Amino acid sequence: MPEIDPTDHDIAELGPKIKEVDDADELREMLELEEGGEDRAPVKTLIEDRIEKVEADDDGEVDPETVDLADLTVADVANMVRDIDDADVLRDLLEREQAGADRKTAKSQIESRIDSVEGSEDEDGEGPEIDDRPPEEKYPELDHPTNDKQWVEGTVDGEYRDMWVYCETQAGQLLDVSREMLGKARELMDDYNDQYDEDERVVAVLVGDDATDYVDEVVSLGADLVVHHEDDRLERFRHKPYTEIVCDMMRAGGDLAAEGREDVAWKDYHEPRYTLFPATNNGRDLSALVQGELDSGLASDCSGLYIENAMISNPAKTGGSKQEFERVLHMKRPDFSGFEYSTILCIDKPNRDFHPQGGSVIPGSFEIPDPDHEREAEVVEHDMELADDWFRVDVTEYDRLSDGVDLTGNDVVVAVGRGIGDDPTEGIELALDLVDAFDEADLGLSRGVITSSYSFEGHVEDYITEERQIGESGQEVEPDVYVAAGISGAVQHKVGMDESDTIIAINTDEDADIRNFSDYYVQGDLFEVLPRLTEAVEAGELAEAVQEASDD
C-alpha cells in the first residue's frame with residue numbers, strides 16, 4: 001500500500017505530493033488505486049508523467065553513441081559532452097546533430113569539446129608569435145584617449161587561490177542570495193579540490209555596522225575563512241568605503257598589500273582566484289567597482305557556475321593557436337535574446353593576468369544549503385582606517401519601506417505578459433479575477449508588461465509596478481501553481497518561476513518556449529481561457545478544466 005492514496009486528495013494537493021515520490025513501483029500502486037476509485041484523467045496523467053520521469057532518472061546517464069539528440073536541449077548536449085573524452089564519439093555526435101536539428105549552439109559545444117580532447121598545441125608544438133605591444137605602440141597614427149590610463153597592475157604569473165564570496169546584509173538580515181552563494185561555493189571548491197588535488201578555501205566577506213553578527217551563520221553554511229569589517233558608519237552601503245575595504249582584504253599578503261598587511265597569517269597569495277557577489281542593486285555596484293579596481297573582468301547576473309578546463313583559440317589570448325586554460329570558472333547567464341544562455345570566461349592574456357575571475361549571481365539561482373552548526377573556520381577581524389572623506393554625505397533622515405509586494409509566500413501566482421496587448425486593462429482584470437478565486441494568490445507580471453507603453457485604466461494601473469515583475473531582474477517564486485498567461489518564456493522570465501510545482505501556460509503560439517517547461521499548455525487566447533479557469537476554480541474543478549482545455 002503506497003503512503004499516498006490519491007483518492008483521498010484533490011488534484012491541487014496531489015501535484016506537490018507526487019513530485020516527492022521517487023519509487024516507480026509505488027507510483028504504479030497509486031495509479032491502480034486511482035483507476036479503481038475515482039478514475040480521474042488529470043490525476044492519472046500526473047502519476048503517469050511522474051512514473052516516466054522517475055524511470056528516466058533511474059536509467060542513469062544517456063549513452064552518447066545511441067542517444068537521440070532531438071530529445072536533448074542544448075544545455076543537455078553541453079552537459080553530456082563535458083564527460084566525453086573520445087574524439088571519434090564526439091565527431092559522430094557532431095555529424096548526427098548536423099543531419100538533424102543542426103543547432104548552432106549545440107554544434108559549438110561539441111566542437112569545443114573536440115578541440116579540448118585533441119590537444120592544445122599546433123603540429124610543431126608552438127603557436128604563432130603574439131604581438132603584445134599596447135595599442136598606442138602598434139598604431140601610433142591613431143588617437144588614443146586612454147593612453148594615460150593608470151592600470152592598477154599588470155601581473156603575470158601571480159599566485160591566486162580560494163573562492164571569495166561577498167555576503168550582503170540588509171536591514172539586519174543576511175540575504176538569502178548570500179546563503180545560496182556560500183552553498184554553491186562550497187560545492188564548487190569541494191569538487192575543485194578533488195579534481196586538482198588542492199586545499200583551497202571558501203572565504204566569506206562581511207562588511208557593515210553589525211558584521212560580526214553573521215560570522216557563525218556563514219561558517220555553518222560552508223565558509224572556511226571569514227574576514228569581517230565592522231564600523232558604525234557602514235550601516236548603509238556606500239560605494240567608496242565598501243570598495244576600499246573589500247579590495248584591501250583581497251590584496252592582503254600579496255604584492256599590492258597595504259602597508260602593514262604585506263605579511264598576514266591568513267593569506268599568502270596575490271589575489272583571490274574566484275570572486276562571487278550577489279546580483280542585487282548594491283551587489284551589482286560593488287562587484288563592478290571591486291573587479292575594476294583589481295583590474296579584472298566581471299560576468300554579471302549569472303545563474304549557473306562550474307569550474308573546468310577550457311580550450312581557447314582567441315587571437316588576443318593565444319595568437320590563434322589552440323591552448324588549454326586550466327581551472328576556468330564558467331559563468332552562465334541569459335543572453336540578450338532572452339532565449340539562450342551565454343557562458344562567460346575570464347581568460348588571461350600572454351602578458352596579463354585577469355584575476356580574480358568574478359561574477360555576480362542572480363538571487364534564487366541556487367539552493368540554500370542546510371547549515372552545519374558543528375563546522376569550524378578561521379575568523380579574521382579586518383582592521384583598516386577609513387578616511388573621513390569617504391563619508392562626505394551624511395544621511396540625516398530616512399524612511400525604510402516596510403510594505404511591498406512579496407509574491408514568494410503565495411500558493412498561486414497568476415502572471416501575465418504581452419499577450420494582454422489587445423486590451424491591456426481587460427487582460428489585467430481577468431487575471432485579477434482568477435487571483436481572487438484562490439485563497440492565497442497574487443498577480444505577477446513579465447518584464448514585457450512593465451516596460452511596455454500600454455495604457456491602463458482605473459484601478460488596474462495601480463498593479464503595474466516593478467515590484468510585481470518576475471524573472472532575472474525581479475522576484476523568484478516557487479508557488480504550488482503558476483499560471484503564465486500570454487508569456488513567451490524567455491530565459492530571463494524562466495529563472496524566476498521554473499521551480500514552481502505546477503506550471504499552467506496559456507499562449508496562442510503553439511511553439512512558444514514556455515511550452516517546453518510547462519506541466520499544462522493551453523494553446524488559446526488568454527481573454528477566452530482565463531474566464532474559464534476562474535469559473536473552474538470557483539466550482540472546485542480547476543484540474544478538470546485545465547485538462548479539458550489542454551485537450552482542446
# chains A, B, ... in the order shown; residues from 1 in each chain; ligands from 1

call {"tool": "residues_around", "arguments": {"residues": "Thr7 of chain A", "least_positions_apart": "6", "cutoff": "10 Å", "atoms": "only C-alpha atoms", "output": "list of chain:residue names"}}
result
A:Leu14, A:Met30, A:Leu31, A:Leu33, A:Glu34, A:Glu35, A:Gly36, A:Gly37, A:Glu38, A:Asp39, A:Arg40, A:Val43

call {"tool": "write_last_selection", "arguments": {"atoms": "all heavy atoms", "output": "CSV table (one decimal), in the first residue's frame"}}
result
chain,number,residue,atom,x,y,z
A,14,LEU,N,-2.4,17.0,-4.8
A,14,LEU,CA,-1.6,15.8,-5.2
A,14,LEU,C,-0.3,16.3,-6.0
A,14,LEU,O,0.7,15.6,-5.9
A,14,LEU,CB,-2.4,14.9,-6.1
A,14,LEU,CG,-3.3,13.9,-5.5
A,14,LEU,CD1,-4.2,13.2,-6.5
A,14,LEU,CD2,-2.4,12.9,-4.7
A,30,MET,N,-0.2,3.7,-6.8
A,30,MET,CA,-1.1,4.8,-6.7
A,30,MET,C,-2.0,4.9,-7.9
A,30,MET,O,-3.2,5.3,-7.8
A,30,MET,CB,-0.2,6.1,-6.5
A,30,MET,CG,0.5,6.2,-5.2
A,30,MET,SD,1.7,7.6,-5.2
A,30,MET,CE,0.6,9.0,-5.5
A,31,LEU,N,-1.4,4.6,-9.1
A,31,LEU,CA,-2.2,4.7,-10.3
A,31,LEU,C,-3.3,3.6,-10.2
A,31,LEU,O,-4.5,3.9,-10.6
A,31,LEU,CB,-1.3,4.4,-11.5
A,31,LEU,CG,-1.9,4.5,-12.9
A,31,LEU,CD1,-2.5,5.9,-13.1
A,31,LEU,CD2,-0.9,4.2,-13.9
A,33,LEU,N,-4.8,2.5,-7.6
A,33,LEU,CA,-5.8,3.0,-6.6
A,33,LEU,C,-6.7,4.0,-7.3
A,33,LEU,O,-7.9,4.0,-7.1
A,33,LEU,CB,-5.1,3.6,-5.4
A,33,LEU,CG,-4.5,2.6,-4.4
A,33,LEU,CD1,-3.7,3.4,-3.3
A,33,LEU,CD2,-5.5,1.7,-3.7
A,34,GLU,N,-6.1,4.9,-8.1
A,34,GLU,CA,-6.9,5.9,-8.7
A,34,GLU,C,-7.8,5.3,-9.8
A,34,GLU,O,-9.0,5.7,-9.9
A,34,GLU,CB,-6.0,7.0,-9.4
A,34,GLU,CG,-6.7,8.1,-10.1
A,34,GLU,CD,-7.6,8.9,-9.1
A,34,GLU,OE1,-7.3,9.1,-7.9
A,34,GLU,OE2,-8.7,9.4,-9.6
A,35,GLU,N,-7.3,4.3,-10.5
A,35,GLU,CA,-8.1,3.7,-11.6
A,35,GLU,C,-9.3,2.9,-10.9
A,35,GLU,O,-10.4,2.8,-11.5
A,35,GLU,CB,-7.2,2.8,-12.4
A,35,GLU,CG,-6.3,3.5,-13.3
A,35,GLU,CD,-5.3,2.6,-14.0
A,35,GLU,OE1,-5.1,1.5,-13.5
A,35,GLU,OE2,-4.7,3.0,-15.0
A,36,GLY,N,-9.0,2.3,-9.7
A,36,GLY,CA,-10.1,1.6,-9.1
A,36,GLY,C,-11.0,2.4,-8.3
A,36,GLY,O,-12.0,1.9,-7.7
A,37,GLY,N,-10.7,3.7,-8.1
A,37,GLY,CA,-11.5,4.6,-7.3
A,37,GLY,C,-12.2,5.6,-8.2
A,37,GLY,O,-13.1,5.3,-9.1
A,38,GLU,N,-11.8,6.9,-8.1
A,38,GLU,CA,-12.5,8.0,-8.9
A,38,GLU,C,-12.1,8.0,-10.3
A,38,GLU,O,-12.8,8.6,-11.2
A,38,GLU,CB,-12.2,9.4,-8.2
A,38,GLU,CG,-12.7,9.5,-6.8
A,38,GLU,CD,-12.4,10.9,-6.3
A,38,GLU,OE1,-12.7,11.8,-7.0
A,38,GLU,OE2,-12.1,11.0,-5.1
A,39,ASP,N,-10.9,7.4,-10.7
A,39,ASP,CA,-10.5,7.3,-12.1
A,39,ASP,C,-10.5,8.6,-12.8
A,39,ASP,O,-11.0,8.8,-13.9
A,39,ASP,CB,-11.4,6.3,-12.8
A,39,ASP,CG,-10.8,5.8,-14.1
A,39,ASP,OD1,-9.5,5.7,-14.1
A,39,ASP,OD2,-11.5,5.5,-15.1
A,40,ARG,N,-9.9,9.6,-12.1
A,40,ARG,CA,-9.8,11.0,-12.7
A,40,ARG,C,-8.7,11.1,-13.7
A,40,ARG,O,-7.5,10.8,-13.4
A,40,ARG,CB,-9.6,12.0,-11.6
A,40,ARG,CG,-10.8,12.1,-10.6
A,40,ARG,CD,-10.4,12.9,-9.4
A,40,ARG,NE,-9.4,12.1,-8.6
A,40,ARG,CZ,-8.9,12.6,-7.4
A,40,ARG,NH1,-9.3,13.7,-6.9
A,40,ARG,NH2,-8.0,11.8,-6.7
A,43,VAL,N,-5.6,13.2,-12.7
A,43,VAL,CA,-4.7,12.6,-11.7
A,43,VAL,C,-3.9,11.5,-12.3
A,43,VAL,O,-2.7,11.3,-12.0
A,43,VAL,CB,-5.6,12.0,-10.6
A,43,VAL,CG1,-4.8,11.2,-9.6
A,43,VAL,CG2,-6.3,13.2,-9.9

call {"tool": "residues_around", "arguments": {"residues": "segment 365-378 of chain A", "least_positions_apart": "5", "cutoff": "7 Å", "atoms": "only C-alpha atoms", "output": "list in words"}}
result
Arg179, Glu180, Gly183, Lys184, Val219, Ser220, Leu221, Ala223, Asp224, Leu225, Val226 and Ser303 of chain A

call {"tool": "residues_around", "arguments": {"residues": "His239 of chain A", "least_positions_apart": "2", "cutoff": "8 Å", "atoms": "only C-alpha atoms", "output": "list in words"}}
result
Phe237, Pro241, Tyr242, Thr243, Asp285 and Leu286 of chain A

call {"tool": "closest_atom_pairs", "arguments": {"of": "segment 212-313 of chain A", "to": "segment 166-177 of chain A", "cutoff": "9 Å", "atoms": "only C-alpha atoms", "output": "Markdown table"}}
result
| residue | atom | partner | partner_atom | distance |
| --- | --- | --- | --- | --- |
| A:Asp213 | CA | A:Gly172 | CA | 8.9 |
| A:Tyr214 | CA | A:Leu174 | CA | 7.2 |
| A:Glu217 | CA | A:Leu174 | CA | 8.9 |
| A:Val218 | CA | A:Cys167 | CA | 8.3 |
| A:Glu235 | CA | A:Ala171 | CA | 8.6 |
| A:Arg236 | CA | A:Gln170 | CA | 8.1 |
| A:Phe237 | CA | A:Gln170 | CA | 8.9 |
| A:Val246 | CA | A:Tyr166 | CA | 8.5 |
| A:Thr275 | CA | A:Tyr166 | CA | 7.8 |
| A:Leu276 | CA | A:Tyr166 | CA | 6.3 |
| A:Phe277 | CA | A:Tyr166 | CA | 5.2 |
| A:Pro278 | CA | A:Val177 | CA | 6.3 |
| A:Ala279 | CA | A:Val177 | CA | 8.5 |
| A:Thr280 | CA | A:Val177 | CA | 8.8 |
| A:Asn282 | CA | A:Glu168 | CA | 8.5 |
| A:Gly283 | CA | A:Glu168 | CA | 7.4 |
| A:Ser287 | CA | A:Tyr166 | CA | 8.9 |

call {"tool": "write_last_selection", "arguments": {"atoms": "N, CA and C atoms", "output": "compact mmCIF listing (two decimals), in the first residue's frame"}}
result
# COMPACT_ATOMS: atom_id res chain seq x y z
N ASP A 213 27.78 39.84 13.64
CA ASP A 213 26.56 39.10 13.98
C ASP A 213 26.33 37.89 13.06
N TYR A 214 26.96 37.91 11.88
CA TYR A 214 26.68 36.88 10.88
C TYR A 214 27.81 35.86 10.73
N GLU A 217 26.86 32.15 11.26
CA GLU A 217 25.97 31.62 10.22
C GLU A 217 26.74 31.32 8.93
N VAL A 218 27.62 32.22 8.50
CA VAL A 218 28.33 31.96 7.25
C VAL A 218 29.29 30.79 7.39
N GLU A 235 26.53 51.42 8.24
CA GLU A 235 25.17 50.91 8.39
C GLU A 235 24.50 50.75 7.03
N ARG A 236 24.76 51.69 6.13
CA ARG A 236 24.21 51.60 4.76
C ARG A 236 25.34 51.43 3.78
N PHE A 237 25.02 50.82 2.67
CA PHE A 237 26.03 50.61 1.62
C PHE A 237 26.52 51.94 1.07
N VAL A 246 36.88 45.96 0.78
CA VAL A 246 36.92 44.63 0.15
C VAL A 246 38.22 44.44 -0.63
N THR A 275 35.85 35.22 -7.39
CA THR A 275 35.03 36.04 -6.51
C THR A 275 33.56 35.94 -6.93
N LEU A 276 32.67 35.94 -5.95
CA LEU A 276 31.23 35.93 -6.20
C LEU A 276 30.57 37.07 -5.43
N PHE A 277 29.64 37.75 -6.09
CA PHE A 277 28.87 38.83 -5.49
C PHE A 277 27.39 38.59 -5.79
N PRO A 278 26.49 39.10 -4.96
CA PRO A 278 25.06 38.98 -5.28
C PRO A 278 24.67 39.98 -6.37
N ALA A 279 23.80 39.58 -7.26
CA ALA A 279 23.32 40.48 -8.32
C ALA A 279 22.11 41.26 -7.79
N THR A 280 22.32 41.95 -6.69
CA THR A 280 21.34 42.87 -6.13
C THR A 280 21.73 44.27 -6.56
N ASN A 282 22.91 46.77 -4.74
CA ASN A 282 24.20 47.09 -4.15
C ASN A 282 25.30 46.14 -4.61
N GLY A 283 24.95 44.86 -4.74
CA GLY A 283 25.94 43.87 -5.16
C GLY A 283 26.44 44.11 -6.56
N SER A 287 30.37 44.74 -7.14
CA SER A 287 31.11 43.77 -7.94
C SER A 287 31.87 44.47 -9.07

call {"tool": "closest_residue", "arguments": {"among": "A:Glu141, A:Asp511, A:Glu230, A:Asp394", "to": "Ile245 of chain A", "atoms": "only C-alpha atoms"}}
result
A:Glu230

call {"tool": "residues_around", "arguments": {"residues": "segment 479-496 of chain A", "least_positions_apart": "5", "cutoff": "7 Å", "atoms": "only C-alpha atoms", "output": "CSV table (one decimal) with C-alpha atoms, in the first residue's frame"}}
result
chain,number,residue,atom,x,y,z
A,16,PRO,CA,3.4,18.6,-4.9
A,334,PRO,CA,20.9,34.6,-20.1
A,338,GLY,CA,16.3,36.1,-23.7
A,339,PHE,CA,16.0,32.6,-25.1
A,340,GLU,CA,19.6,31.2,-24.8
A,410,ASN,CA,1.6,32.6,-2.2
A,411,ASP,CA,0.2,29.2,-3.1
A,412,VAL,CA,-0.7,30.5,-6.5
A,413,VAL,CA,0.8,33.2,-8.8
A,414,VAL,CA,-1.1,34.4,-11.9
A,415,ALA,CA,1.4,36.1,-14.2
A,416,VAL,CA,0.6,37.9,-17.4
A,417,GLY,CA,2.7,39.0,-20.3
A,418,ARG,CA,2.5,40.8,-23.6
A,419,GLY,CA,-0.4,38.6,-24.6
A,420,ILE,CA,-2.7,41.3,-22.9
A,446,SER,CA,6.6,39.8,-17.1
A,470,ILE,CA,9.0,38.0,-12.1
A,471,GLY,CA,12.3,36.9,-13.5
A,472,GLU,CA,16.0,37.6,-13.6
A,501,ASP,CA,5.3,22.8,-8.6
A,502,THR,CA,2.8,23.0,-11.4
A,503,ILE,CA,3.0,25.4,-14.3
A,504,ILE,CA,0.0,26.2,-16.5
A,505,ALA,CA,0.8,28.2,-19.6
A,506,ILE,CA,-1.7,29.9,-21.9
A,507,ASN,CA,-0.4,31.1,-25.2
A,512,ALA,CA,6.2,29.3,-27.6
A,513,ASP,CA,9.3,28.5,-25.5
A,514,ILE,CA,7.3,28.3,-22.3
A,526,LEU,CA,-6.0,34.3,-22.6

call {"tool": "select_by_dssp", "arguments": {"residues": "segment 373-506 of chain A", "states": "strand (DSSP E)", "output": "ChimeraX atom specification"}}
result
/A:378-381,412-416,441-445,481-485,502-506

call {"tool": "residues_around", "arguments": {"residues": "Pro424 of chain A", "least_positions_apart": "5", "cutoff": "8 Å", "atoms": "only C-alpha atoms", "output": "VMD selection string"}}
result
chain A and resid 454 to 456

call {"tool": "atom_distance", "arguments": {"atom1": "atom CA of Val207 of chain A", "atom2": "atom CA of Leu188 of chain A"}}
result
23.7 Å
